file target-v4.txt (compact mmCIF, C-alpha atoms and all ligand atoms)
# COMPACT_ATOMS: atom_id res chain seq x y z
CA MET A 215 -32.91 5.39 1.22
CA ALA A 216 -34.05 7.81 -1.48
CA VAL A 217 -32.92 11.42 -1.17
CA ILE A 218 -36.02 13.59 -1.27
CA THR A 219 -35.51 17.13 -2.49
CA GLU A 220 -38.73 17.92 -4.35
CA ILE A 221 -42.42 16.99 -4.40
CA LYS A 222 -41.86 14.81 -7.50
CA ASP A 223 -39.63 12.50 -5.42
CA LEU A 224 -42.52 11.90 -3.01
CA LYS A 225 -44.86 11.25 -5.92
CA ARG A 226 -42.59 8.53 -7.32
CA ILE A 227 -42.52 6.68 -3.97
CA TYR A 228 -46.26 7.24 -3.51
CA GLU A 229 -47.01 5.59 -6.85
CA ARG A 230 -45.00 2.50 -5.84
CA ARG A 231 -46.59 2.09 -2.40
CA VAL A 232 -50.31 2.81 -2.73
CA PRO A 233 -52.93 0.63 -4.49
CA ARG A 234 -53.55 1.77 -8.05
CA MET A 235 -57.17 2.80 -7.46
CA PHE A 236 -56.17 5.32 -4.75
CA TYR A 237 -53.20 6.64 -6.73
CA ASP A 238 -55.48 7.17 -9.74
CA TYR A 239 -58.15 8.72 -7.52
CA ALA A 240 -55.70 11.48 -6.53
CA GLU A 241 -53.69 11.76 -9.71
CA SER A 242 -56.50 12.47 -12.12
CA GLY A 243 -58.82 15.21 -13.27
CA SER A 244 -62.26 15.13 -14.79
CA TRP A 245 -62.92 14.14 -18.42
CA THR A 246 -60.02 15.20 -20.72
CA GLU A 247 -58.02 16.54 -17.75
CA GLN A 248 -57.33 19.83 -19.56
CA THR A 249 -58.01 21.92 -16.44
CA PHE A 250 -56.02 19.50 -14.27
CA ARG A 251 -53.00 19.90 -16.60
CA GLU A 252 -53.29 23.66 -17.00
CA ASN A 253 -53.51 24.20 -13.23
CA THR A 254 -49.82 23.33 -13.07
CA SER A 255 -48.59 24.45 -16.51
CA ASP A 256 -50.08 27.96 -16.08
CA PHE A 257 -47.88 28.50 -13.02
CA ASP A 258 -44.88 27.87 -15.29
CA GLN A 259 -45.88 30.80 -17.49
CA LEU A 260 -45.28 33.22 -14.63
CA ARG A 261 -41.64 34.19 -14.27
CA LEU A 262 -39.83 35.74 -11.33
CA ARG A 263 -37.78 38.90 -11.16
CA GLN A 264 -34.29 38.35 -9.78
CA ARG A 265 -33.02 41.12 -7.47
CA VAL A 266 -29.66 41.42 -5.75
CA ALA A 267 -27.81 43.19 -2.95
CA VAL A 268 -30.72 43.30 -0.49
CA ASP A 269 -29.83 42.31 3.09
CA MET A 270 -31.55 38.96 3.60
CA THR A 271 -30.74 38.33 7.24
CA GLY A 272 -33.68 37.73 9.57
CA ARG A 273 -36.17 36.89 6.83
CA SER A 274 -39.38 34.99 7.52
CA THR A 275 -42.23 33.22 5.74
CA THR A 276 -44.74 33.67 8.58
CA SER A 277 -48.08 35.15 7.72
CA GLU A 278 -51.79 35.04 8.65
CA MET A 279 -54.80 33.24 7.19
CA ILE A 280 -58.22 34.34 8.52
CA GLY A 281 -56.45 35.95 11.46
CA GLN A 282 -54.56 32.79 12.38
CA GLU A 283 -50.77 32.92 12.46
CA VAL A 284 -49.19 30.46 10.04
CA ALA A 285 -45.56 29.43 9.49
CA MET A 286 -46.11 30.04 5.78
CA PRO A 287 -49.23 30.93 3.78
CA VAL A 288 -50.00 27.31 2.96
CA ALA A 289 -52.82 25.18 4.39
CA LEU A 290 -53.59 21.50 3.78
CA ALA A 291 -56.68 21.29 1.54
CA PRO A 292 -59.57 18.95 2.34
CA VAL A 293 -59.03 15.66 0.54
CA GLY A 294 -61.54 12.79 0.63
CA LEU A 295 -60.40 9.23 1.39
CA THR A 296 -57.07 10.41 2.79
CA GLY A 297 -57.17 7.51 5.23
CA MET A 298 -56.99 5.15 2.23
CA GLN A 299 -53.69 6.67 1.07
CA HIS A 300 -52.11 5.73 4.38
CA ALA A 301 -53.65 4.20 7.50
CA ASP A 302 -55.04 6.96 9.76
CA GLY A 303 -54.08 9.40 6.99
CA GLU A 304 -56.16 12.34 8.19
CA ILE A 305 -54.74 12.07 11.73
CA LYS A 306 -51.19 11.88 10.38
CA ALA A 307 -51.64 14.82 8.01
CA ALA A 308 -53.25 16.88 10.79
CA LYS A 309 -50.35 16.11 13.13
CA ALA A 310 -47.77 17.08 10.51
CA ALA A 311 -49.65 20.35 9.87
CA GLU A 312 -49.85 21.02 13.59
CA GLU A 313 -46.11 20.51 14.02
CA PHE A 314 -45.36 22.80 11.09
CA ASP A 315 -47.86 25.40 12.26
CA VAL A 316 -50.05 25.48 9.17
CA PRO A 317 -53.81 24.81 9.06
CA PHE A 318 -55.22 21.36 8.31
CA THR A 319 -58.67 21.02 6.71
CA LEU A 320 -60.62 17.81 7.31
CA SER A 321 -62.94 16.70 4.50
CA THR A 322 -66.55 15.61 5.05
CA MET A 323 -65.50 12.55 2.99
CA SER A 324 -62.61 11.67 5.30
CA ILE A 325 -61.94 8.15 6.56
CA CYS A 326 -60.98 9.24 10.10
CA SER A 327 -63.90 11.00 11.76
CA ILE A 328 -63.90 14.56 13.12
CA GLU A 329 -63.75 13.08 16.64
CA ALA A 330 -60.84 10.74 15.83
CA VAL A 331 -58.76 13.64 14.45
CA ALA A 332 -59.70 15.91 17.38
CA GLU A 333 -58.70 13.21 19.87
CA LYS A 334 -55.20 12.82 18.42
CA THR A 335 -54.37 16.50 17.83
CA SER A 336 -54.08 19.45 20.15
CA LYS A 337 -54.60 22.51 17.91
CA PRO A 338 -57.95 23.30 16.28
CA PHE A 339 -58.28 22.26 12.64
CA TRP A 340 -60.68 23.46 9.94
CA PHE A 341 -63.65 21.40 8.81
CA GLN A 342 -64.81 21.21 5.18
CA LEU A 343 -68.52 20.78 4.60
CA TYR A 344 -70.22 19.25 1.60
CA THR A 345 -73.85 20.25 1.73
CA MET A 346 -76.04 17.18 1.54
CA LYS A 347 -79.77 16.91 0.87
CA ASP A 348 -80.33 15.48 4.35
CA GLU A 349 -80.52 18.71 6.37
CA GLY A 350 -80.55 16.85 9.67
CA TYR A 351 -77.26 15.22 8.76
CA VAL A 352 -75.70 18.57 7.81
CA ARG A 353 -76.87 20.05 11.11
CA ARG A 354 -75.39 17.16 13.08
CA LEU A 355 -72.12 17.40 11.17
CA ILE A 356 -71.88 21.10 12.01
CA GLU A 357 -72.58 20.35 15.68
CA ARG A 358 -69.86 17.69 15.67
CA ALA A 359 -67.36 20.14 14.13
CA LYS A 360 -68.28 22.70 16.80
CA ALA A 361 -67.91 20.13 19.58
CA ALA A 362 -64.47 19.23 18.20
CA LYS A 363 -63.57 22.96 18.40
CA CYS A 364 -62.87 23.32 14.68
CA SER A 365 -61.86 26.93 14.12
CA ALA A 366 -63.27 27.47 10.60
CA LEU A 367 -65.89 25.96 8.35
CA VAL A 368 -64.84 25.58 4.71
CA ILE A 369 -67.97 25.20 2.59
CA THR A 370 -67.26 23.65 -0.80
CA LEU A 371 -69.45 25.11 -3.52
CA ASP A 372 -68.17 23.48 -6.70
CA LEU A 373 -69.48 19.98 -6.08
CA GLN A 374 -73.26 20.24 -6.17
CA ILE A 375 -73.02 17.63 -8.91
CA LEU A 376 -70.17 15.13 -8.95
CA GLY A 377 -67.72 15.55 -11.86
CA GLN A 378 -66.62 12.42 -13.69
CA ARG A 379 -63.14 10.93 -13.58
CA HIS A 380 -62.87 8.04 -16.01
CA LYS A 381 -60.23 6.17 -14.04
CA ASP A 382 -62.33 5.96 -10.87
CA LEU A 383 -65.19 4.36 -12.76
CA LYS A 384 -62.89 1.94 -14.57
CA ASN A 385 -61.08 1.03 -11.33
CA GLY A 386 -64.33 0.56 -9.40
CA LEU A 387 -63.06 2.96 -6.71
CA SER A 388 -64.35 2.10 -3.23
CA ALA A 389 -63.16 2.42 0.35
CA PRO A 390 -62.05 -0.08 1.47
CA PRO A 391 -61.27 -1.59 -1.96
CA LYS A 392 -63.58 -4.38 -3.15
CA LEU A 393 -61.71 -7.59 -3.79
CA THR A 394 -61.78 -8.46 -7.48
CA PRO A 395 -59.16 -10.43 -9.46
CA LYS A 396 -57.68 -7.09 -10.66
CA THR A 397 -57.52 -5.44 -7.21
CA ILE A 398 -56.20 -8.62 -5.55
CA VAL A 399 -53.29 -8.78 -8.02
CA ASN A 400 -52.53 -5.11 -7.43
CA LEU A 401 -52.88 -5.35 -3.64
CA MET A 402 -50.40 -8.22 -3.53
CA THR A 403 -47.72 -5.82 -4.80
CA LYS A 404 -48.68 -3.23 -2.14
CA TRP A 405 -48.28 -5.37 0.94
CA THR A 406 -46.87 -2.58 3.17
CA TRP A 407 -50.11 -0.68 2.55
CA GLY A 408 -52.13 -3.80 3.37
CA LEU A 409 -50.28 -4.26 6.67
CA GLN A 410 -51.00 -0.66 7.67
CA MET A 411 -54.69 -1.10 6.94
CA LEU A 412 -54.88 -4.26 9.02
CA GLY A 413 -53.49 -2.25 11.92
CA THR A 414 -56.22 0.39 12.05
CA LYS A 415 -59.95 0.52 12.70
CA ASN A 416 -60.33 3.61 10.49
CA ARG A 417 -61.27 1.98 7.19
CA GLU A 418 -64.63 3.52 6.34
CA PHE A 419 -66.01 7.04 6.00
CA GLY A 420 -65.93 8.05 9.66
CA ASN A 421 -68.12 11.13 9.27
CA ILE A 422 -70.92 9.15 7.67
CA VAL A 423 -70.99 5.47 8.67
CA GLY A 424 -72.93 5.16 11.91
CA HIS A 425 -74.17 8.78 11.67
CA VAL A 426 -76.88 8.30 9.03
CA ASP A 427 -79.95 6.10 9.47
CA GLY A 428 -79.58 2.92 7.46
CA ILE A 429 -75.82 3.33 6.86
CA SER A 430 -74.04 0.96 9.16
CA ASP A 431 -71.26 -0.10 6.80
CA THR A 432 -69.48 0.91 3.63
CA SER A 433 -71.44 -1.36 1.30
CA GLN A 434 -74.51 0.89 1.63
CA LEU A 435 -72.54 4.08 1.29
CA GLY A 436 -71.80 4.57 -2.44
CA ALA A 437 -75.41 4.99 -3.49
CA TRP A 438 -76.23 7.24 -0.51
CA THR A 439 -73.34 9.63 -1.20
CA ALA A 440 -73.92 9.84 -4.96
CA GLU A 441 -77.57 10.72 -4.30
CA GLN A 442 -76.89 13.10 -1.38
CA PHE A 443 -74.83 15.96 -2.91
CA ASP A 444 -77.36 18.77 -2.93
CA PRO A 445 -78.04 20.11 -6.44
CA SER A 446 -80.34 22.78 -4.98
CA LEU A 447 -77.54 24.52 -3.05
CA ASP A 448 -77.86 28.29 -3.55
CA TRP A 449 -76.75 31.50 -1.81
CA GLY A 450 -79.77 31.42 0.51
CA LYS A 451 -78.78 27.97 1.80
CA ILE A 452 -75.16 29.08 2.15
CA ALA A 453 -76.27 32.02 4.31
CA LYS A 454 -78.31 29.62 6.51
CA ILE A 455 -75.34 27.29 6.98
CA LYS A 456 -73.14 30.25 7.86
CA GLU A 457 -75.66 31.27 10.53
CA MET A 458 -75.88 27.72 11.88
CA TRP A 459 -72.10 27.60 12.21
CA GLY A 460 -71.68 31.04 13.76
CA GLY A 461 -67.88 31.10 13.35
CA LYS A 462 -65.39 31.81 10.59
CA VAL A 463 -66.51 30.70 7.13
CA ILE A 464 -64.39 30.12 4.03
CA LEU A 465 -66.17 29.55 0.70
CA LYS A 466 -64.28 27.15 -1.54
CA GLY A 467 -64.61 26.73 -5.28
CA ILE A 468 -65.05 30.34 -6.43
CA LEU A 469 -63.69 30.80 -9.96
CA ASP A 470 -65.61 33.82 -11.20
CA ALA A 471 -65.69 37.48 -10.15
CA GLU A 472 -69.52 37.51 -10.04
CA ASP A 473 -69.57 34.57 -7.61
CA ALA A 474 -66.86 36.26 -5.55
CA LYS A 475 -69.16 39.29 -5.19
CA MET A 476 -71.95 36.99 -3.97
CA ALA A 477 -69.57 35.42 -1.44
CA LEU A 478 -68.84 38.90 -0.17
CA LYS A 479 -72.57 39.59 0.16
CA VAL A 480 -73.19 36.52 2.33
CA GLY A 481 -70.42 37.73 4.62
CA ALA A 482 -67.80 35.00 4.16
CA ASP A 483 -64.47 35.59 5.92
CA ALA A 484 -62.48 34.31 2.94
CA ILE A 485 -62.90 32.67 -0.43
CA ILE A 486 -60.78 30.03 -2.08
CA VAL A 487 -60.24 30.55 -5.79
CA SER A 488 -60.33 26.92 -6.84
CA ASN A 489 -61.47 24.52 -9.54
CA HIS A 490 -61.21 21.56 -7.14
CA GLY A 491 -57.80 20.62 -8.55
CA GLY A 492 -59.30 20.10 -12.03
CA ARG A 493 -61.68 17.43 -10.73
CA GLN A 494 -65.01 19.11 -11.43
CA LEU A 495 -65.59 21.32 -14.53
CA ASP A 496 -63.08 20.21 -17.14
CA GLY A 497 -62.44 23.13 -19.51
CA ALA A 498 -62.61 25.67 -16.68
CA MET A 499 -59.65 28.07 -16.46
CA SER A 500 -56.83 27.47 -14.01
CA SER A 501 -57.18 29.16 -10.62
CA ILE A 502 -54.01 31.21 -11.10
CA LYS A 503 -55.38 32.69 -14.36
CA MET A 504 -58.71 33.59 -12.74
CA LEU A 505 -57.14 35.11 -9.63
CA PRO A 506 -56.49 38.64 -11.03
CA SER A 507 -60.11 39.29 -12.10
CA ILE A 508 -61.40 38.02 -8.74
CA LEU A 509 -58.95 40.22 -6.86
CA ASP A 510 -60.05 43.21 -8.96
CA ALA A 511 -63.67 42.53 -8.00
CA VAL A 512 -63.37 41.84 -4.25
CA GLY A 513 -59.70 41.77 -3.27
CA ASP A 514 -59.86 44.86 -1.05
CA GLN A 515 -62.94 43.63 0.84
CA ILE A 516 -62.40 39.94 1.55
CA GLU A 517 -59.47 37.61 2.08
CA VAL A 518 -58.73 35.73 -1.13
CA HIS A 519 -57.01 32.35 -1.01
CA LEU A 520 -56.08 30.04 -3.89
CA ASP A 521 -55.62 26.36 -4.59
CA SER A 522 -55.29 24.02 -7.59
CA GLY A 523 -51.94 23.27 -9.15
CA ILE A 524 -49.52 24.18 -6.35
CA ARG A 525 -46.59 21.78 -6.39
CA SER A 526 -43.74 23.97 -5.09
CA GLY A 527 -42.80 26.91 -2.92
CA GLN A 528 -42.31 28.93 -6.09
CA ASP A 529 -45.99 28.34 -6.97
CA VAL A 530 -46.92 29.61 -3.49
CA LEU A 531 -44.74 32.67 -4.02
CA LYS A 532 -46.36 33.38 -7.40
CA ALA A 533 -49.92 33.11 -6.03
CA VAL A 534 -49.12 35.31 -3.03
CA ALA A 535 -47.25 37.85 -5.16
CA MET A 536 -50.29 38.05 -7.41
CA GLY A 537 -52.43 38.89 -4.37
CA ALA A 538 -53.61 35.69 -2.67
CA LYS A 539 -53.42 35.93 1.13
CA GLY A 540 -53.04 32.17 1.46
CA THR A 541 -52.78 28.98 -0.56
CA TYR A 542 -53.68 25.31 -0.11
CA ILE A 543 -51.97 22.15 -1.27
CA GLY A 544 -53.91 18.98 -2.05
CA ARG A 545 -51.98 16.41 -4.06
CA ALA A 546 -48.57 17.75 -2.97
CA TYR A 547 -49.17 16.51 0.59
CA ILE A 548 -51.09 13.40 -0.46
CA TYR A 549 -47.98 12.23 -2.37
CA GLY A 550 -45.99 12.63 0.84
CA LEU A 551 -48.60 10.86 2.96
CA GLY A 552 -48.88 7.88 0.62
CA ALA A 553 -45.09 7.68 0.35
CA MET A 554 -44.13 7.90 4.02
CA GLY A 555 -47.12 8.65 6.27
CA GLN A 556 -46.78 11.59 8.67
CA ALA A 557 -43.06 11.98 7.90
CA GLY A 558 -43.95 12.33 4.21
CA VAL A 559 -46.43 15.15 4.87
CA SER A 560 -43.79 16.88 7.01
CA LYS A 561 -41.32 16.40 4.15
CA ALA A 562 -43.74 17.92 1.62
CA LEU A 563 -44.17 20.96 3.89
CA GLU A 564 -40.41 21.25 4.43
CA VAL A 565 -39.71 21.09 0.68
CA ILE A 566 -42.30 23.77 -0.08
CA HIS A 567 -41.10 25.96 2.77
CA LYS A 568 -37.47 25.78 1.63
CA GLU A 569 -38.40 26.60 -1.98
CA LEU A 570 -40.51 29.53 -0.82
CA ASP A 571 -37.82 30.87 1.51
CA ILE A 572 -34.97 30.66 -1.03
CA SER A 573 -37.04 32.01 -3.93
CA MET A 574 -38.28 34.95 -1.85
CA ALA A 575 -34.71 35.83 -0.92
CA LEU A 576 -33.51 35.63 -4.52
CA CYS A 577 -36.36 37.97 -5.49
CA GLY A 578 -35.05 40.42 -2.90
CA LYS A 579 -37.93 39.98 -0.43
CA ARG A 580 -37.60 39.35 3.28
CA LYS A 581 -41.23 38.97 4.34
CA ILE A 582 -44.47 37.60 2.93
CA SER A 583 -46.02 41.06 3.30
CA GLU A 584 -43.36 42.44 0.92
CA LEU A 585 -44.45 40.13 -1.91
CA ASP A 586 -46.41 41.88 -4.64
CA GLN A 587 -46.80 42.03 -8.44
CA ASP A 588 -43.35 43.58 -8.60
CA VAL A 589 -41.86 40.13 -8.13
CA LEU A 590 -43.63 38.70 -11.20
CA LEU A 591 -43.05 38.88 -14.92
CA VAL A 592 -46.50 38.09 -16.31
CA PRO A 593 -46.92 37.36 -20.05
CA LYS A 594 -49.24 39.87 -21.80
CA ASP A 595 -51.84 37.26 -22.75
CA PHE A 596 -51.84 35.53 -19.32
CA THR A 597 -55.45 36.33 -18.36
C1 LIG B 601 -59.90 16.80 -3.44
N1 LIG B 601 -60.54 17.99 -3.18
C2 LIG B 601 -61.57 18.04 -2.27
N2 LIG B 601 -62.14 19.23 -1.95
C3 LIG B 601 -63.12 19.29 -1.02
O1 LIG B 601 -63.61 20.38 -0.75
N3 LIG B 601 -63.53 18.14 -0.38
C4 LIG B 601 -63.02 16.92 -0.67
O2 LIG B 601 -63.40 15.92 -0.08
C5 LIG B 601 -62.02 16.85 -1.67
N4 LIG B 601 -61.49 15.65 -2.04
C6 LIG B 601 -60.40 15.60 -2.87
C7 LIG B 601 -59.77 14.38 -3.12
C8 LIG B 601 -58.61 14.36 -3.88
C9 LIG B 601 -57.90 13.07 -4.11
C10 LIG B 601 -58.08 15.55 -4.41
C11 LIG B 601 -56.79 15.54 -5.21
C12 LIG B 601 -58.72 16.75 -4.20
C13 LIG B 601 -60.01 19.25 -3.74
C14 LIG B 601 -58.92 19.82 -2.85
O3 LIG B 601 -59.46 20.34 -1.67
C15 LIG B 601 -58.18 20.97 -3.54
O4 LIG B 601 -59.09 21.89 -4.05
C16 LIG B 601 -57.29 20.46 -4.68
O5 LIG B 601 -56.62 19.28 -4.31
C17 LIG B 601 -56.27 21.52 -5.05
O6 LIG B 601 -55.52 21.12 -6.14
P1 LIG B 601 -54.08 20.41 -6.06
O7 LIG B 601 -53.29 21.11 -4.98
O8 LIG B 601 -54.34 18.98 -5.73
O9 LIG B 601 -53.56 20.61 -7.44
call {"tool": "encode", "arguments": {"input": "target-v4.txt", "output": "structure tokens"}}
result
Amino acid sequence: MAVITEIKDLKRIYERRVPRMFYDYAESGSWTEQTFRENTSDFDQLRLRQRVAVDMTGRSTTSEMIGQEVAMPVALAPVGLTGMQHADGEIKAAKAAEEFDVPFTLSTMSICSIEAVAEKTSKPFWFQLYTMKDEGYVRRLIERAKAAKCSALVITLDLQILGQRHKDLKNGLSAPPKLTPKTIVNLMTKWTWGLQMLGTKNREFGNIVGHVDGISDTSQLGAWTAEQFDPSLDWGKIAKIKEMWGGKVILKGILDAEDAKMALKVGADAIIVSNHGGRQLDGAMSSIKMLPSILDAVGDQIEVHLDSGIRSGQDVLKAVAMGAKGTYIGRAYIYGLGAMGQAGVSKALEVIHKELDISMALCGKRKISELDQDVLLVPKDFT
């Protein structure tokens, strides 16, 4: 049995166990992947200030995100097709998050439906909305999220137009995978994955199939989805969706101070500084580099969260010390899920928690609320 001490260990097992097309789907960025790479390498440019002789007994990583108590300021980001990384993936990730006491966000493009996740969990989760051209569908989706008692709506703003990832096109990405000579050869080496999939009914996009006229199975889905992302989404529409929802709203995909000011105007409860994990605008700056200017613009008026590039508890510490109230992990938990199902997501959370706890202590800080710029050594040309 492999000894798992860091997120990279989970990634190695994940790569061995999951069909290539789903590994590539997660482990890639758009076009040249510059933004995808810099999301992680920019964290490495930030250094930490070691402090000593501070009493570290009774320290804690607990905090709050949008008024909700969390065991650490880390939520699970919405990730499409999670149920293809491991059977019932969204349910398993949600359960691991629930046990750890951190928020789970369910993607519109999930395999397990809102109802399936609600049925198998006991704490409210957050629902991520992609705005689609079909307004009736968006309205029904919002009603379903309300009925499932989701406690926040995360509206993703950076995917009005789908970015391009070369590998997905070359692999012919689909859920479930289409059987071609190439995929059959690959699937034969991933038989544990195949067995899991045979054991579940959740194999198609549960929030879409059966909920849209004319879409009764996955074969009709690709064209519908590609055509449905709403290129006309603007601040007026965002305000309408917020009103329709009536609860807490988090706007995801803000990477510019001017957009952050607009998010404030529409009355969002929080924003997520994000470039979608480097999957949308290649060439965009990393989230961690854009965070300071966004905090300068709106940081004292709205809760600012961050994702893209977090692979360790030290990355969480750096983002929070810079001023983010919360962070999200995407790939870091997907590696765990693909590697070991629910236990793998729990392991990813444990690893990140331990790294955060130890690093905080070695920086001389006992509580999340004590973390500030003081902890960081930021290179002069960082932003
Ligand atoms: C995503 N992301 C995403 N975001 C969203 O709002 N809805 C979605 O359905 C998806 N789907 C998705 C699939 C995969 C495979 C990945 C890796 C990411 C973006 C996600 O929520 C988050 O912004 C990034 O994952 C953060 O970057 P890291 O942590 O993966 O580096």
call {"tool": "atom_distance", "arguments": {"input": "target-v4.txt", "atom1": "CA of Asp223 in chain A", "atom2": "CA of Gly558 in chain A"}}
result
10.6 Å
call {"tool": "closest_atom_pairs", "arguments": {"input": "target-v4.txt", "of": "chain A", "to": "ligand LIG 601 (chain B)", "cutoff": "6 Å", "atoms": "all atoms listed in the file", "output": "Markdown table"}}
result
| residue | atom | partner | partner_atom | distance |
| --- | --- | --- | --- | --- |
| A:Tyr239 | CA | B:LIG601 | C9 | 5.5 |
| A:Ala240 | CA | B:LIG601 | C9 | 3.6 |
| A:Ala291 | CA | B:LIG601 | O3 | 4.4 |
| A:Pro292 | CA | B:LIG601 | O3 | 4.2 |
| A:Val293 | CA | B:LIG601 | N4 | 3.6 |
| A:Gly294 | CA | B:LIG601 | O2 | 3.7 |
| A:Ser321 | CA | B:LIG601 | O2 | 4.7 |
| A:Met323 | CA | B:LIG601 | O2 | 5.0 |
| A:Thr370 | CA | B:LIG601 | O1 | 4.9 |
| A:Ser488 | CA | B:LIG601 | O4 | 5.9 |
| A:His490 | CA | B:LIG601 | O4 | 3.8 |
| A:Gly491 | CA | B:LIG601 | O6 | 3.4 |
| A:Asp521 | CA | B:LIG601 | C17 | 4.9 |
| A:Ser522 | CA | B:LIG601 | O6 | 3.3 |
| A:Gly523 | CA | B:LIG601 | O9 | 3.6 |
| A:Ile524 | CA | B:LIG601 | O7 | 5.1 |
| A:Ile543 | CA | B:LIG601 | O7 | 4.1 |
| A:Gly544 | CA | B:LIG601 | O5 | 3.5 |
| A:Arg545 | CA | B:LIG601 | O8 | 3.9 |
call {"tool": "axis_aligned_box", "arguments": {"input": "target-v4.txt", "around": "range 420-431 of chain A", "padding_each_side": "8 Å", "output": "AutoDock Vina command-line options"}}
result
--center_x -72.9 --center_y 5.5 --center_z 9.4 --size_x 30.0 --size_y 27.2 --size_z 21.1
call {"tool": "residues_around", "arguments": {"input": "target-v4.txt", "residues": "Met346 in chain A", "least_positions_apart": "3", "cutoff": "9 Å", "atoms": "only C-alpha atoms", "output": "JSON, numbers by chain"}}
result
{"A": [343, 349, 351, 352, 374, 439, 441, 442, 443, 444, 445, 447]}
call {"tool": "atom_distance", "arguments": {"input": "target-v4.txt", "atom1": "CA of Gln528 in chain A", "atom2": "CA of Ile508 in chain A"}}
result
21.3 Å
call {"tool": "atom_distance", "arguments": {"input": "target-v4.txt", "atom1": "CA of Leu224 in chain A", "atom2": "CA of Thr414 in chain A"}}
result
23.4 Å
call {"tool": "closest_residue", "arguments": {"input": "target-v4.txt", "among": "A:Val559, A:Ala575, A:Leu387, A:Leu355", "to": "Lys309 in chain A", "atoms": "all atoms listed in the file"}}
result
A:Val559
call {"tool": "residues_around", "arguments": {"input": "target-v4.txt", "residues": "Asp448 in chain A", "least_positions_apart": "4", "cutoff": "12 Å", "atoms": "only C-alpha atoms", "output": "number ranges by chain"}}
result
A: 345, 370-372, 374, 444, 452-455, 473, 476-477, 480
call {"tool": "closest_atom_pairs", "arguments": {"input": "target-v4.txt", "of": "range 490-559 of chain A", "to": "range 403-413 of chain A", "cutoff": "12 Å", "atoms": "all atoms listed in the file", "output": "Markdown table"}}
result
| residue | atom | partner | partner_atom | distance |
| --- | --- | --- | --- | --- |
| A:Leu551 | CA | A:Trp407 | CA | 11.6 |
| A:Gly552 | CA | A:Trp407 | CA | 8.9 |
| A:Ala553 | CA | A:Trp407 | CA | 10.0 |
| A:Met554 | CA | A:Trp407 | CA | 10.6 |
| A:Gly555 | CA | A:Gln410 | CA | 10.2 |
call {"tool": "write_last_selection", "arguments": {"input": "target-v4.txt", "atoms": "C-alpha atoms", "output": "tab-separated table (two decimals), in the coordinates of the input"}}
result
chain	number	residue	atom	x	y	z
A	551	LEU	CA	-48.60	10.86	2.96
A	552	GLY	CA	-48.88	7.88	0.62
A	553	ALA	CA	-45.09	7.68	0.35
A	554	MET	CA	-44.13	7.90	4.02
A	555	GLY	CA	-47.12	8.65	6.27
call {"tool": "residues_near_point", "arguments": {"input": "target-v4.txt", "point": "(-72.2, 0.7, -5.3)", "cutoff": "12 Å", "atoms": "all atoms listed in the file", "output": "NGL selection string"}}
result
:A and (383 or 386-389 or 391-392 or 432-441)
call {"tool": "closest_residue", "arguments": {"input": "target-v4.txt", "among": "A:Gln264, A:Asn400, A:Met286, A:Ser507", "to": "Tyr542 in chain A", "atoms": "all atoms listed in the file"}}
result
A:Met286
call {"tool": "residues_near_point", "arguments": {"input": "target-v4.txt", "point": "(-39.9, 5.9, -6.3)", "cutoff": "12 Å", "atoms": "only C-alpha atoms", "output": "PDB file with C-alpha atoms, keeping the file's coordinate frame"}}
result
ATOM      1  CA  MET A 215     -32.910   5.390   1.220  1.00  0.00           C
ATOM      2  CA  ALA A 216     -34.050   7.810  -1.480  1.00  0.00           C
ATOM      3  CA  VAL A 217     -32.920  11.420  -1.170  1.00  0.00           C
ATOM      4  CA  ILE A 218     -36.020  13.590  -1.270  1.00  0.00           C
ATOM      5  CA  ILE A 221     -42.420  16.990  -4.400  1.00  0.00           C
ATOM      6  CA  LYS A 222     -41.860  14.810  -7.500  1.00  0.00           C
ATOM      7  CA  ASP A 223     -39.630  12.500  -5.420  1.00  0.00           C
ATOM      8  CA  LEU A 224     -42.520  11.900  -3.010  1.00  0.00           C
ATOM      9  CA  LYS A 225     -44.860  11.250  -5.920  1.00  0.00           C
ATOM     10  CA  ARG A 226     -42.590   8.530  -7.320  1.00  0.00           C
ATOM     11  CA  ILE A 227     -42.520   6.680  -3.970  1.00  0.00           C
ATOM     12  CA  TYR A 228     -46.260   7.240  -3.510  1.00  0.00           C
ATOM     13  CA  GLU A 229     -47.010   5.590  -6.850  1.00  0.00           C
ATOM     14  CA  ARG A 230     -45.000   2.500  -5.840  1.00  0.00           C
ATOM     15  CA  ARG A 231     -46.590   2.090  -2.400  1.00  0.00           C
ATOM     16  CA  VAL A 232     -50.310   2.810  -2.730  1.00  0.00           C
ATOM     17  CA  TYR A 549     -47.980  12.230  -2.370  1.00  0.00           C
ATOM     18  CA  GLY A 550     -45.990  12.630   0.840  1.00  0.00           C
ATOM     19  CA  GLY A 552     -48.880   7.880   0.620  1.00  0.00           C
ATOM     20  CA  ALA A 553     -45.090   7.680   0.350  1.00  0.00           C
ATOM     21  CA  MET A 554     -44.130   7.900   4.020  1.00  0.00           C
TER      22      MET A 554
END
call {"tool": "residues_around", "arguments": {"input": "target-v4.txt", "residues": "Asp514 in chain A", "least_positions_apart": "6", "cutoff": "12 Å", "atoms": "all atoms listed in the file", "output": "JSON, numbers by chain"}}
result
{"A": [474, 475, 478, 484, 508, 537, 538, 539]}
